[in-house]
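Structure file my_file-v2.txt (compact mmCIF, C-alpha atoms and all ligand atoms) is printed below.
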```
# COMPACT_ATOMS: atom_id res chain seq x y z
CA MET A 870 125.52 82.34 101.90
CA ARG A 871 122.92 79.95 103.26
CA LEU A 872 119.79 81.52 101.79
CA LEU A 873 116.21 80.81 102.79
CA VAL A 874 113.90 81.78 99.93
CA THR A 875 110.21 81.85 100.84
CA GLY A 876 107.85 81.51 97.88
CA GLY A 877 110.73 80.20 95.79
CA ALA A 878 108.45 77.95 93.72
CA GLY A 879 106.46 80.93 92.42
CA PHE A 880 107.19 83.13 89.41
CA ILE A 881 109.75 85.64 90.69
CA GLY A 882 111.11 83.40 93.45
CA ALA A 883 111.85 80.50 91.06
CA ASN A 884 113.68 82.82 88.67
CA PHE A 885 115.63 84.15 91.67
CA VAL A 886 116.55 80.63 92.81
CA HIS A 887 117.70 79.65 89.29
CA GLY A 888 120.24 82.48 89.47
CA ALA A 889 121.25 81.94 93.09
CA VAL A 890 122.32 78.30 93.14
CA ALA A 891 125.66 78.83 91.40
CA GLU A 892 127.07 80.73 94.37
CA HIS A 893 124.81 80.06 97.34
CA SER A 894 123.27 77.21 99.28
CA VAL A 895 119.51 77.59 98.82
CA THR A 896 116.56 76.31 100.85
CA VAL A 897 113.13 77.06 99.42
CA LEU A 898 110.13 77.21 101.74
CA ASP A 899 106.94 77.13 99.69
CA ALA A 900 103.40 75.94 100.42
CA LEU A 901 103.06 74.91 96.75
CA THR A 902 99.66 76.59 96.49
CA TYR A 903 97.97 76.75 93.06
CA ALA A 904 100.58 79.45 92.24
CA GLY A 905 103.70 77.48 93.10
CA SER A 906 105.12 74.47 91.29
CA ARG A 907 107.94 71.98 91.68
CA GLU A 908 108.36 72.06 87.89
CA SER A 909 109.47 75.69 88.11
CA LEU A 910 112.44 74.48 90.15
CA ALA A 911 113.14 71.38 88.04
CA PRO A 912 116.24 72.93 86.36
CA VAL A 913 117.89 73.28 89.81
CA GLU A 914 116.21 70.47 91.77
CA ASP A 915 119.52 68.73 92.56
CA ASP A 916 121.08 71.95 93.86
CA ILE A 917 118.43 73.06 96.36
CA ARG A 918 116.47 71.88 99.35
CA LEU A 919 112.73 72.33 98.78
CA ILE A 920 110.55 72.29 101.90
CA GLN A 921 106.82 72.24 101.35
CA GLY A 922 105.28 74.26 104.18
CA ASP A 923 103.39 77.34 105.26
CA VAL A 924 105.25 80.58 105.91
CA GLY A 925 102.78 81.09 108.76
CA ASP A 926 104.01 77.92 110.52
CA ALA A 927 106.12 79.49 113.29
CA GLU A 928 107.89 76.31 114.39
CA LEU A 929 108.95 75.41 110.84
CA VAL A 930 109.96 78.97 109.90
CA ASN A 931 111.91 79.33 113.14
CA ARG A 932 113.89 76.16 112.46
CA LEU A 933 114.70 77.09 108.86
CA VAL A 934 115.64 80.68 109.73
CA ALA A 935 117.99 79.41 112.46
CA GLU A 936 119.95 77.53 109.76
CA SER A 937 120.21 80.56 107.41
CA ASP A 938 122.42 83.60 106.90
CA ALA A 939 119.73 85.56 105.06
CA VAL A 940 116.05 85.28 104.15
CA VAL A 941 114.55 86.60 100.91
CA HIS A 942 110.81 86.70 101.52
CA PHE A 943 108.82 86.34 98.28
CA ALA A 944 105.96 84.16 99.60
CA ALA A 945 102.60 85.84 99.15
CA GLU A 946 99.16 85.55 97.67
CA THR A 947 99.62 87.82 94.67
CA HIS A 948 96.63 88.02 92.34
CA VAL A 949 94.36 91.07 92.73
CA ASP A 950 91.32 89.35 91.17
CA ASN A 951 91.61 86.43 93.61
CA ALA A 952 91.86 88.86 96.53
CA LEU A 953 88.65 90.56 95.42
CA ALA A 954 86.89 87.18 95.37
CA ASP A 955 88.32 85.90 98.70
CA PRO A 956 90.66 88.07 100.79
CA GLU A 957 91.24 85.62 103.67
CA PRO A 958 94.29 83.77 102.27
CA PHE A 959 95.90 87.16 101.59
CA LEU A 960 95.58 88.12 105.25
CA HIS A 961 97.02 84.81 106.35
CA THR A 962 100.01 84.61 104.03
CA ASN A 963 100.85 88.25 103.45
CA VAL A 964 100.29 89.57 106.97
CA ILE A 965 100.63 86.61 109.37
CA GLY A 966 103.27 85.01 107.14
CA THR A 967 105.41 88.15 107.19
CA TYR A 968 104.91 88.51 110.95
CA THR A 969 106.08 84.92 111.38
CA VAL A 970 109.22 85.55 109.31
CA LEU A 971 109.93 88.74 111.27
CA GLU A 972 109.67 87.00 114.62
CA ALA A 973 112.07 84.28 113.46
CA VAL A 974 114.70 86.68 112.06
CA ARG A 975 114.39 88.72 115.25
CA GLN A 976 115.04 85.68 117.40
CA HIS A 977 118.04 84.49 115.37
CA GLY A 978 119.50 87.85 114.24
CA VAL A 979 119.23 86.88 110.58
CA ARG A 980 119.29 89.39 107.68
CA LEU A 981 115.93 89.77 105.86
CA HIS A 982 115.00 91.18 102.49
CA HIS A 983 111.24 91.66 102.15
CA ILE A 984 109.77 91.68 98.64
CA SER A 985 106.91 94.09 98.14
CA THR A 986 105.01 95.85 95.39
CA ASP A 987 104.39 99.32 93.98
CA GLU A 988 100.66 98.71 94.53
CA VAL A 989 101.04 99.80 98.17
CA TYR A 990 101.17 103.39 96.90
CA GLY A 991 97.74 103.24 95.26
CA ASP A 992 97.45 104.66 91.77
CA LEU A 993 98.33 107.77 89.75
CA GLU A 994 96.42 109.83 87.21
CA LEU A 995 97.29 109.09 83.59
CA ASP A 996 98.64 112.55 82.85
CA GLU A 997 100.34 113.59 86.13
CA PRO A 998 104.14 113.90 85.93
CA ARG A 999 104.56 112.41 89.42
CA ARG A 1000 105.90 108.84 89.86
CA PHE A 1001 106.18 106.75 93.03
CA THR A 1002 109.28 107.39 95.17
CA GLU A 1003 110.47 106.03 98.52
CA GLY A 1004 108.69 109.00 100.14
CA THR A 1005 105.26 108.46 98.56
CA ALA A 1006 102.52 107.91 101.16
CA TYR A 1007 100.96 104.46 101.33
CA ASN A 1008 97.44 104.41 99.86
CA PRO A 1009 96.54 100.83 98.87
CA SER A 1010 93.29 100.19 96.98
CA SER A 1011 92.71 96.44 96.94
CA PRO A 1012 92.59 93.59 99.47
CA TYR A 1013 95.88 92.39 97.93
CA SER A 1014 97.74 95.69 98.10
CA SER A 1015 96.41 96.49 101.58
CA THR A 1016 97.82 93.22 102.94
CA LYS A 1017 101.18 93.92 101.25
CA ALA A 1018 101.12 97.41 102.78
CA ALA A 1019 100.40 95.90 106.19
CA ALA A 1020 103.35 93.55 105.76
CA ASP A 1021 105.67 96.46 104.84
CA MET A 1022 104.53 98.33 107.96
CA LEU A 1023 105.35 95.32 110.12
CA VAL A 1024 108.85 95.14 108.63
CA ARG A 1025 109.44 98.84 109.28
CA ALA A 1026 108.21 98.50 112.87
CA TRP A 1027 110.38 95.43 113.54
CA VAL A 1028 113.44 97.32 112.24
CA ARG A 1029 112.78 100.31 114.44
CA SER A 1030 111.53 98.57 117.58
CA TYR A 1031 113.64 95.41 117.62
CA GLY A 1032 116.62 96.32 115.43
CA VAL A 1033 115.81 93.62 112.89
CA ARG A 1034 118.27 93.84 109.95
CA ALA A 1035 115.79 94.18 107.09
CA THR A 1036 115.41 95.98 103.78
CA ILE A 1037 112.27 96.30 101.65
CA SER A 1038 111.84 96.60 97.89
CA ASN A 1039 108.69 97.69 96.09
CA CYS A 1040 108.76 96.64 92.47
CA SER A 1041 106.52 97.29 89.48
CA ASN A 1042 104.83 94.69 87.21
CA ASN A 1043 107.11 91.78 86.27
CA TYR A 1044 106.99 89.67 83.12
CA GLY A 1045 109.06 86.71 81.90
CA PRO A 1046 109.18 82.89 82.09
CA TYR A 1047 107.29 80.84 84.72
CA GLN A 1048 104.60 83.47 85.38
CA HIS A 1049 101.22 81.91 86.22
CA VAL A 1050 98.69 82.00 83.36
CA GLU A 1051 96.19 83.90 85.53
CA LYS A 1052 98.31 87.07 85.04
CA PHE A 1053 97.80 89.52 82.15
CA ILE A 1054 100.70 88.82 79.78
CA PRO A 1055 100.84 84.98 80.08
CA ARG A 1056 97.04 84.82 79.98
CA GLN A 1057 96.89 86.58 76.62
CA ILE A 1058 99.82 84.61 75.13
CA THR A 1059 98.29 81.28 76.17
CA ASN A 1060 94.83 82.38 75.04
CA VAL A 1061 96.26 82.80 71.53
CA LEU A 1062 98.20 79.52 71.77
CA THR A 1063 95.04 77.60 72.80
CA GLY A 1064 92.77 79.22 70.20
CA ARG A 1065 90.97 81.48 72.69
CA ARG A 1066 90.45 85.21 72.24
CA PRO A 1067 92.55 87.44 74.53
CA LYS A 1068 90.59 89.41 77.16
CA LEU A 1069 91.09 93.07 77.99
CA TYR A 1070 89.53 94.58 81.13
CA GLY A 1071 87.51 97.72 80.38
CA THR A 1072 89.00 100.03 77.76
CA GLY A 1073 92.62 99.03 78.44
CA ALA A 1074 93.62 102.59 79.38
CA ASN A 1075 95.21 101.38 82.63
CA VAL A 1076 98.99 101.77 82.71
CA ARG A 1077 101.47 99.32 84.22
CA ASP A 1078 105.25 99.87 84.51
CA TRP A 1079 106.75 96.65 83.10
CA ILE A 1080 110.08 95.16 84.20
CA HIS A 1081 111.67 91.86 83.20
CA VAL A 1082 111.82 89.43 86.13
CA ASP A 1083 115.62 89.08 85.78
CA ASP A 1084 116.00 92.83 86.23
CA HIS A 1085 113.84 92.72 89.36
CA ASN A 1086 116.01 89.94 90.75
CA SER A 1087 119.31 91.64 89.89
CA ALA A 1088 118.04 94.64 91.87
CA VAL A 1089 117.13 92.38 94.80
CA TRP A 1090 120.73 91.11 94.83
CA ARG A 1091 122.12 94.67 94.84
CA ILE A 1092 119.91 95.51 97.84
CA LEU A 1093 120.59 92.27 99.69
CA LEU A 1094 124.35 92.71 99.36
CA ASP A 1095 124.76 96.49 99.62
CA GLY A 1096 121.44 98.00 100.71
CA GLU A 1097 121.24 100.05 103.88
CA ILE A 1098 119.40 98.32 106.74
CA GLY A 1099 115.97 99.82 107.38
CA ARG A 1100 115.70 101.32 103.90
CA THR A 1101 113.01 100.88 101.27
CA TYR A 1102 114.11 100.74 97.61
CA LEU A 1103 111.82 101.14 94.61
CA ILE A 1104 112.55 98.90 91.64
CA GLY A 1105 111.36 99.82 88.15
CA ALA A 1106 112.71 99.93 84.60
CA GLU A 1107 110.84 102.95 83.17
CA GLY A 1108 108.55 100.60 81.24
CA GLU A 1109 105.16 102.36 81.38
CA ARG A 1110 102.66 100.98 78.83
CA ASP A 1111 98.86 101.00 78.73
CA ASN A 1112 97.17 97.59 78.66
CA LEU A 1113 95.66 98.15 75.21
CA SER A 1114 99.13 98.76 73.71
CA VAL A 1115 100.55 95.67 75.43
CA MET A 1116 97.63 93.60 74.13
CA ARG A 1117 98.13 94.87 70.57
CA THR A 1118 101.88 94.26 70.73
CA ILE A 1119 101.39 90.66 71.91
CA LEU A 1120 98.92 89.98 69.10
CA THR A 1121 101.21 91.55 66.48
CA LEU A 1122 104.26 89.60 67.71
CA MET A 1123 102.16 86.42 67.51
CA GLY A 1124 101.17 87.14 63.91
CA ARG A 1125 97.55 88.06 64.69
CA ASP A 1126 95.35 91.04 63.89
CA PRO A 1127 96.09 93.52 66.74
CA ASP A 1128 92.35 94.02 67.31
CA ASP A 1129 91.53 90.33 67.61
CA PHE A 1130 90.59 90.41 71.32
CA ASP A 1131 87.48 90.85 73.54
CA HIS A 1132 86.74 93.67 75.96
CA VAL A 1133 85.47 92.11 79.21
CA VAL A 1134 84.09 93.29 82.56
CA ASP A 1135 86.51 95.66 84.28
CA ARG A 1136 88.18 94.85 87.63
CA ALA A 1137 86.45 96.37 90.69
CA GLY A 1138 88.43 99.39 91.98
CA HIS A 1139 90.89 98.95 89.09
CA ASP A 1140 94.07 100.98 89.76
CA LEU A 1141 94.62 103.36 86.86
CA ARG A 1142 98.37 103.83 86.65
CA TYR A 1143 101.53 102.70 88.43
CA ALA A 1144 104.91 104.32 87.74
CA ILE A 1145 108.20 103.96 89.61
CA ASP A 1146 110.99 106.50 89.86
CA PRO A 1147 114.02 104.17 90.16
CA SER A 1148 116.66 106.90 90.53
CA THR A 1149 117.65 106.06 94.14
CA LEU A 1150 118.51 102.50 93.21
CA ARG A 1151 120.52 103.68 90.20
CA ASP A 1152 122.29 106.55 91.97
CA GLU A 1153 123.03 104.86 95.29
CA LEU A 1154 123.52 101.22 94.34
CA GLY A 1155 124.52 101.60 90.67
CA TRP A 1156 121.78 99.22 89.48
CA GLU A 1157 120.70 99.26 85.83
CA PRO A 1158 118.11 97.07 84.10
CA LYS A 1159 119.45 94.95 81.22
CA HIS A 1160 116.16 94.18 79.42
CA THR A 1161 115.46 97.68 78.19
CA ASP A 1162 113.67 96.71 74.94
CA PHE A 1163 110.16 95.65 76.01
CA GLU A 1164 109.30 94.16 72.60
CA ASP A 1165 112.42 91.97 72.68
CA GLY A 1166 111.51 90.83 76.19
CA LEU A 1167 107.93 90.08 75.15
CA ARG A 1168 109.14 88.14 72.08
CA ALA A 1169 111.39 85.97 74.27
CA THR A 1170 108.54 85.46 76.75
CA ILE A 1171 106.15 84.42 73.97
CA ASP A 1172 108.79 81.92 72.75
CA TRP A 1173 109.13 80.54 76.28
CA TYR A 1174 105.36 79.89 76.54
CA ARG A 1175 105.35 78.36 73.03
CA ASN A 1176 108.14 75.97 74.05
CA ASN A 1177 106.88 75.12 77.55
CA GLU A 1178 103.26 74.09 77.13
CA SER A 1179 103.89 71.14 79.46
CA TRP A 1180 104.48 73.68 82.27
CA TRP A 1181 101.38 75.85 81.77
CA GLY A 1182 99.01 73.56 79.84
CA PRO A 1183 97.64 71.70 82.88
CA LEU A 1184 96.72 75.02 84.57
CA LYS A 1185 94.94 76.72 81.71
CA GLU A 1186 91.43 75.18 81.64
CA GLN A 1187 90.83 75.74 85.34
CA VAL A 1188 92.03 79.37 85.23
CA GLU A 1189 89.79 80.18 82.27
CA ALA A 1190 86.81 78.47 83.93
CA VAL A 1191 87.19 80.79 86.94
CA TYR A 1192 87.51 83.87 84.71
CA GLU A 1193 84.46 82.82 82.72
CA LYS A 1194 82.34 82.65 85.88
CA ARG A 1195 83.39 86.24 86.67
CA GLY A 1196 82.52 87.40 83.15
CA GLN A 1197 86.20 88.05 82.46
P1 LIG B 1201 103.44 83.97 92.69
O1 LIG B 1201 101.99 84.02 93.02
O2 LIG B 1201 103.86 83.51 91.33
O3 LIG B 1201 104.20 83.04 93.74
C1 LIG B 1201 103.94 83.10 95.12
C2 LIG B 1201 104.57 81.87 95.76
O4 LIG B 1201 104.32 81.93 97.17
C3 LIG B 1201 104.00 80.55 95.24
O5 LIG B 1201 105.03 79.64 94.97
C4 LIG B 1201 103.13 80.07 96.39
O6 LIG B 1201 103.03 78.65 96.45
C5 LIG B 1201 103.88 80.65 97.59
N1 LIG B 1201 103.01 80.78 98.76
C6 LIG B 1201 101.76 81.31 98.80
N2 LIG B 1201 101.26 81.22 100.05
C7 LIG B 1201 102.22 80.64 100.82
C8 LIG B 1201 102.31 80.29 102.19
N3 LIG B 1201 101.30 80.50 103.04
N4 LIG B 1201 103.44 79.72 102.62
C9 LIG B 1201 104.49 79.48 101.78
N5 LIG B 1201 104.45 79.79 100.47
C10 LIG B 1201 103.33 80.36 99.99
O7 LIG B 1201 104.00 85.43 93.01
P2 LIG B 1201 105.12 86.31 92.29
O8 LIG B 1201 104.50 87.05 91.19
O9 LIG B 1201 106.31 85.47 92.07
O10 LIG B 1201 105.39 87.35 93.48
C11 LIG B 1201 106.40 87.10 94.45
C12 LIG B 1201 106.50 88.29 95.39
O11 LIG B 1201 106.80 89.46 94.62
C13 LIG B 1201 105.22 88.61 96.14
O12 LIG B 1201 105.56 89.02 97.45
C14 LIG B 1201 104.60 89.76 95.37
O13 LIG B 1201 103.80 90.56 96.19
C15 LIG B 1201 105.84 90.48 94.89
N6 LIG B 1201 105.71 91.26 93.66
C16 LIG B 1201 105.23 90.69 92.51
C17 LIG B 1201 105.20 91.44 91.33
C18 LIG B 1201 104.69 90.86 90.03
O14 LIG B 1201 104.55 91.59 89.04
N7 LIG B 1201 104.43 89.56 89.93
C19 LIG B 1201 105.64 92.77 91.35
C20 LIG B 1201 106.11 93.32 92.54
C21 LIG B 1201 106.15 92.55 93.68
O1 LIG B 1202 102.48 96.22 90.26
C1 LIG B 1202 102.96 95.03 90.79
C2 LIG B 1202 101.85 94.01 90.83
O2 LIG B 1202 101.67 93.57 89.49
C3 LIG B 1202 102.13 92.83 91.74
O3 LIG B 1202 102.20 93.29 93.05
C4 LIG B 1202 101.03 91.77 91.62
O4 LIG B 1202 101.34 90.65 92.40
C5 LIG B 1202 100.92 91.37 90.16
O5 LIG B 1202 99.87 90.44 90.00
C6 LIG B 1202 100.67 92.60 89.30
O6 LIG B 1202 99.36 93.16 89.58
P1 LIG B 1202 98.38 93.67 88.41
O7 LIG B 1202 97.02 93.65 88.94
O8 LIG B 1202 98.89 94.93 87.81
O9 LIG B 1202 98.65 92.47 87.34
P2 LIG B 1202 97.68 91.62 86.41
O10 LIG B 1202 98.59 90.76 85.57
O11 LIG B 1202 96.60 90.94 87.15
O12 LIG B 1202 97.01 92.72 85.48
C7 LIG B 1202 97.79 93.67 84.75
C8 LIG B 1202 96.81 94.65 84.11
O13 LIG B 1202 96.09 93.97 83.07
C9 LIG B 1202 95.77 95.20 85.04
O14 LIG B 1202 95.51 96.55 84.71
C10 LIG B 1202 94.53 94.33 84.79
C11 LIG B 1202 94.67 93.99 83.33
N1 LIG B 1202 94.15 92.68 82.89
C12 LIG B 1202 94.48 91.57 83.61
C13 LIG B 1202 94.07 90.31 83.20
C14 LIG B 1202 94.42 89.09 84.00
C15 LIG B 1202 93.41 92.58 81.70
O15 LIG B 1202 93.14 93.57 81.01
N2 LIG B 1202 93.01 91.33 81.30
C16 LIG B 1202 93.31 90.19 81.99
O16 LIG B 1202 92.92 89.09 81.55
```
Just give me the structure of the file as structure tokens.
Amino acid sequence: MRLLVTGGAGFIGANFVHGAVAEHSVTVLDALTYAGSRESLAPVEDDIRLIQGDVGDAELVNRLVAESDAVVHFAAETHVDNALADPEPFLHTNVIGTYTVLEAVRQHGVRLHHISTDEVYGDLELDEPRRFTEGTAYNPSSPYSSTKAAADMLVRAWVRSYGVRATISNCSNNYGPYQHVEKFIPRQITNVLTGRRPKLYGTGANVRDWIHVDDHNSAVWRILLDGEIGRTYLIGAEGERDNLSVMRTILTLMGRDPDDFDHVVDRAGHDLRYAIDPSTLRDELGWEPKHTDFEDGLRATIDWYRNNESWWGPLKEQVEAVYEKRGQ
């Protein structure tokens, strides 16, 4: 296939591209914002075409889509704390960017897979048995999740009104190599590696449903190849953990006292718990996650950050300076 991967220089997109090049011809469209990097694509640089550009640039997107058999749309502004500080880029990239992709695939009849998040469903109570399913009502809490929800709504409308051949997936929290050091797990690992104290928001009771990035991407492939047009699929690996436990596990795996961290100012409107019921994906498409031992996955991720300081080192000071200003 000739694949157009938007946001392919970011965390999940780069991991997706690494796995795609063996069998497919890949063009990456990425604005190379603070969150994207050429270095993340260095292992495959000779096998891909990397176009630096904005997913909201209709003329560019139209031209690239016309040359493609399928589009996998990862490009987004993705960090909740950044959205709280300045929502505008989230509206541009997540809403207008997705609209631009939709108009191009509509014009050229190209298959689209839209990457979304479980955050569109809002949050759950800690003790309720319910998890998110494909039928859960949208109830986003943050400027980030509301723009992702808007994008999902556009995709659904373009399928119904214009017959666009699109699928959507809503995945839970990813971890693994090449994740930006602004995010929870890489931030704490690199805090330890640079002699800083890890930072936990509030009490750390908030629960996230962790999945290894390779498992997310293997699910995306199942949906892209065999998913039913117009459908939404939820991707998760039954990896619920509260933030305090994840923090203590990271510290223990890194040979530190598990309580050697600081509690910092909580996130405004902080979603309490996310949890995905992945049974549709398993039952209908036969998908299974491979990284089922979270501690093993964390250990490998810690090793990756230990061995790749040249990738994250140049980003770290700036990220921590921004957090410090916010008291986090
Ligand atoms: P990321 O922030 O690491 O990467 C985003 C990429 O998009 C970057 O390379 C950035 O340069 C690019 N980009 C941003 N604005 C752009 C624009 N206007 N034009 C072109 N490119 C632009 O994000 P990620 O964590 O890899 O997330 C990828 C997708 O997966 C997003 O749609 C996100 O909502 C979704 N998602 C992420 C997670 C997670 O845990 N990280 C979970 C579920 C869903
Ligand atoms: O659920 C999927 C979502 O997961 C994706 O859609 C988002 O793009 C992705 O960023 C992620 O969102 P979260 O807000 O859950 O991830 P983040 O890594 O920012 O934070 C994870 C949890 O850890 C959250 O409860 C906030 C907390 N946290 C975060 C940071 C950065 C801390 O306690 N300390 C920190 O330093």
Within 7 Å of range 954-966 of chain A using all atoms listed in the file, minus same-chain residues under 2 positions, as a VMD selection string = chain A and resid 924 to 925 945 to 946 950 to 952 968 to 970 1012 to 1013 1016 to 1017 1019 to 1020
Using only C-alpha atoms and all ligand atoms, tabulate the residues of chain A lying at most 8 Å from any atom of ligand LIG 1202 (chain B), each with its closest atom pair and that distance in Å to one decimal, by chain and increasing residue number, as a Markdown table.
```
| residue | atom | partner | partner_atom | distance |
| --- | --- | --- | --- | --- |
| A:Glu946 | CA | B:LIG1202 | O4 | 7.7 |
| A:Thr947 | CA | B:LIG1202 | O4 | 4.0 |
| A:His948 | CA | B:LIG1202 | O5 | 4.7 |
| A:Val949 | CA | B:LIG1202 | O7 | 5.3 |
| A:Asp950 | CA | B:LIG1202 | O11 | 6.8 |
| A:Ser985 | CA | B:LIG1202 | O3 | 7.0 |
| A:Thr986 | CA | B:LIG1202 | O3 | 4.5 |
| A:Asp987 | CA | B:LIG1202 | O1 | 5.2 |
| A:Glu988 | CA | B:LIG1202 | O1 | 5.3 |
| A:Tyr1013 | CA | B:LIG1202 | O4 | 8.0 |
| A:Ser1014 | CA | B:LIG1202 | O3 | 7.2 |
| A:Cys1040 | CA | B:LIG1202 | C1 | 6.2 |
| A:Ser1041 | CA | B:LIG1202 | O1 | 4.3 |
| A:Asn1042 | CA | B:LIG1202 | C1 | 4.1 |
| A:Asn1043 | CA | B:LIG1202 | O2 | 6.6 |
| A:Glu1051 | CA | B:LIG1202 | C14 | 5.7 |
| A:Lys1052 | CA | B:LIG1202 | O10 | 3.7 |
| A:Phe1053 | CA | B:LIG1202 | O10 | 3.7 |
| A:Ile1054 | CA | B:LIG1202 | O10 | 6.5 |
| A:Arg1056 | CA | B:LIG1202 | O16 | 6.1 |
| A:Gln1057 | CA | B:LIG1202 | O16 | 6.8 |
| A:Pro1067 | CA | B:LIG1202 | O16 | 7.2 |
| A:Lys1068 | CA | B:LIG1202 | O16 | 5.0 |
| A:Leu1069 | CA | B:LIG1202 | O15 | 3.7 |
| A:Tyr1070 | CA | B:LIG1202 | O15 | 3.8 |
| A:Gly1071 | CA | B:LIG1202 | O15 | 7.0 |
| A:Gly1073 | CA | B:LIG1202 | O15 | 6.1 |
| A:Asn1075 | CA | B:LIG1202 | O14 | 5.3 |
| A:Val1076 | CA | B:LIG1202 | O14 | 6.6 |
| A:Arg1077 | CA | B:LIG1202 | O8 | 6.2 |
| A:Asp1078 | CA | B:LIG1202 | O1 | 7.4 |
| A:Asn1112 | CA | B:LIG1202 | O13 | 5.8 |
| A:Leu1113 | CA | B:LIG1202 | O15 | 7.8 |
| A:Val1133 | CA | B:LIG1202 | N2 | 7.9 |
| A:Asp1135 | CA | B:LIG1202 | O15 | 7.7 |
| A:Arg1136 | CA | B:LIG1202 | C10 | 7.0 |
| A:His1139 | CA | B:LIG1202 | O14 | 6.8 |
| A:Asp1140 | CA | B:LIG1202 | O14 | 6.9 |
| A:Leu1141 | CA | B:LIG1202 | O14 | 7.2 |
| A:Tyr1143 | CA | B:LIG1202 | O1 | 6.8 |
| A:Gln1197 | CA | B:LIG1202 | O16 | 6.9 |
```
query = Contacts of range 1159-1168 of chain A at 12 Å or less, counting only C-alpha atoms, minus same-chain residues fewer than 6 places along, as number ranges by chain?
reply = A: 1043-1046, 1054-1055, 1057-1058, 1078-1088, 1105-1110, 1114-1124, 1174-1175
ask   = So, counting all atoms listed in the file, which residue among A:Thr1036, A:Thr1072, A:Ser906, A:Asn1060 is closest to Ile1092 in chain A?
value =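 Of all the options, A:Thr1036 lies closest to Ile1092 in chain A.
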Spatial sel., origin (112.5, 104.1, 89.5), limit 8 Å, all atoms listed in the file, listed as a CSV table (one decimal) with C-alpha atoms, in the coordinates of the input:
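Result file follows (part_7.csv):
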```
chain,number,residue,atom,x,y,z
A,1001,PHE,CA,106.2,106.8,93.0
A,1002,THR,CA,109.3,107.4,95.2
A,1103,LEU,CA,111.8,101.1,94.6
A,1104,ILE,CA,112.6,98.9,91.6
A,1105,GLY,CA,111.4,99.8,88.2
A,1106,ALA,CA,112.7,99.9,84.6
A,1107,GLU,CA,110.8,103.0,83.2
A,1144,ALA,CA,104.9,104.3,87.7
A,1145,ILE,CA,108.2,104.0,89.6
A,1146,ASP,CA,111.0,106.5,89.9
A,1147,PRO,CA,114.0,104.2,90.2
A,1148,SER,CA,116.7,106.9,90.5
A,1149,THR,CA,117.6,106.1,94.1
A,1150,LEU,CA,118.5,102.5,93.2
```
inquiry  = Please report the interatomic distance between CA of Arg980 in chain A and CA of Trp1090 in chain A in Å with one decimal.
reply    =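 Calculated distance between CA of Arg980 in chain A and CA of Trp1090 in chain A is 13.0 Å.
For Gln976 in chain A, the set of protein, DNA and RNA residues having any atom at most 12 Å away, when counting all atoms listed in the file and skipping those fewer than 4 positions along the same chain, is Ala927, Val930, Asn931, Arg932, Val934, Ala935, Thr969, Val970, Leu971, Glu972, Arg980, Trp1027, Tyr1031, Gly1032, Val1033 and Arg1034 of chain A.
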ask   = Out of A:Glu908, A:Asp1128, A:Glu997, A:Asp1111, which residue has the shortest atom-to-atom distance to Phe880 in chain A when counting only C-alpha atoms?
value =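 Of A:Glu908, A:Asp1128, A:Glu997, A:Asp1111, the one nearest Phe880 in chain A, counting only C-alpha atoms, is A:Glu908.
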inquiry  = Under the rule that all atoms listed in the file are counted, which of A:Arg907, A:Arg1065, A:Arg1000, A:His887 is the nearest residue to ligand LIG 1201 (chain B)?
reply    =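 Nearest candidate to ligand LIG 1201 (chain B) out of A:Arg907, A:Arg1065, A:Arg1000, A:His887: A:Arg907.
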Your completed range 1133-1142 of chain A with N, CA and C atoms, as a PDB file, in the frame of the given file:
```pdb
ATOM      1  N   VAL A1133      86.279  92.804  78.203  1.00  0.00           N
ATOM      2  CA  VAL A1133      85.470  92.110  79.210  1.00  0.00           C
ATOM      3  C   VAL A1133      85.250  93.027  80.418  1.00  0.00           C
ATOM      4  N   VAL A1134      84.429  92.537  81.345  1.00  0.00           N
ATOM      5  CA  VAL A1134      84.090  93.290  82.560  1.00  0.00           C
ATOM      6  C   VAL A1134      85.359  93.812  83.239  1.00  0.00           C
ATOM      7  N   ASP A1135      85.332  95.064  83.636  1.00  0.00           N
ATOM      8  CA  ASP A1135      86.510  95.660  84.280  1.00  0.00           C
ATOM      9  C   ASP A1135      86.674  95.122  85.710  1.00  0.00           C
ATOM     10  N   ARG A1136      87.876  95.230  86.233  1.00  0.00           N
ATOM     11  CA  ARG A1136      88.180  94.850  87.630  1.00  0.00           C
ATOM     12  C   ARG A1136      87.581  95.889  88.568  1.00  0.00           C
ATOM     13  N   ALA A1137      86.990  95.432  89.688  1.00  0.00           N
ATOM     14  CA  ALA A1137      86.450  96.370  90.690  1.00  0.00           C
ATOM     15  C   ALA A1137      87.609  97.191  91.273  1.00  0.00           C
ATOM     16  N   GLY A1138      87.406  98.516  91.360  1.00  0.00           N
ATOM     17  CA  GLY A1138      88.430  99.390  91.980  1.00  0.00           C
ATOM     18  C   GLY A1138      89.736  99.437  91.206  1.00  0.00           C
ATOM     19  N   HIS A1139      89.693  99.117  89.936  1.00  0.00           N
ATOM     20  CA  HIS A1139      90.890  98.950  89.090  1.00  0.00           C
ATOM     21  C   HIS A1139      91.853 100.138  89.164  1.00  0.00           C
ATOM     22  N   ASP A1140      93.060  99.911  89.695  1.00  0.00           N
ATOM     23  CA  ASP A1140      94.070 100.980  89.760  1.00  0.00           C
ATOM     24  C   ASP A1140      94.401 101.456  88.347  1.00  0.00           C
ATOM     25  N   LEU A1141      94.464 102.786  88.201  1.00  0.00           N
ATOM     26  CA  LEU A1141      94.620 103.360  86.860  1.00  0.00           C
ATOM     27  C   LEU A1141      96.059 103.279  86.359  1.00  0.00           C
ATOM     28  N   ARG A1142      96.980 103.773  87.158  1.00  0.00           N
ATOM     29  CA  ARG A1142      98.370 103.830  86.650  1.00  0.00           C
ATOM     30  C   ARG A1142      99.361 103.622  87.792  1.00  0.00           C
TER      31      ARG A1142
END
```
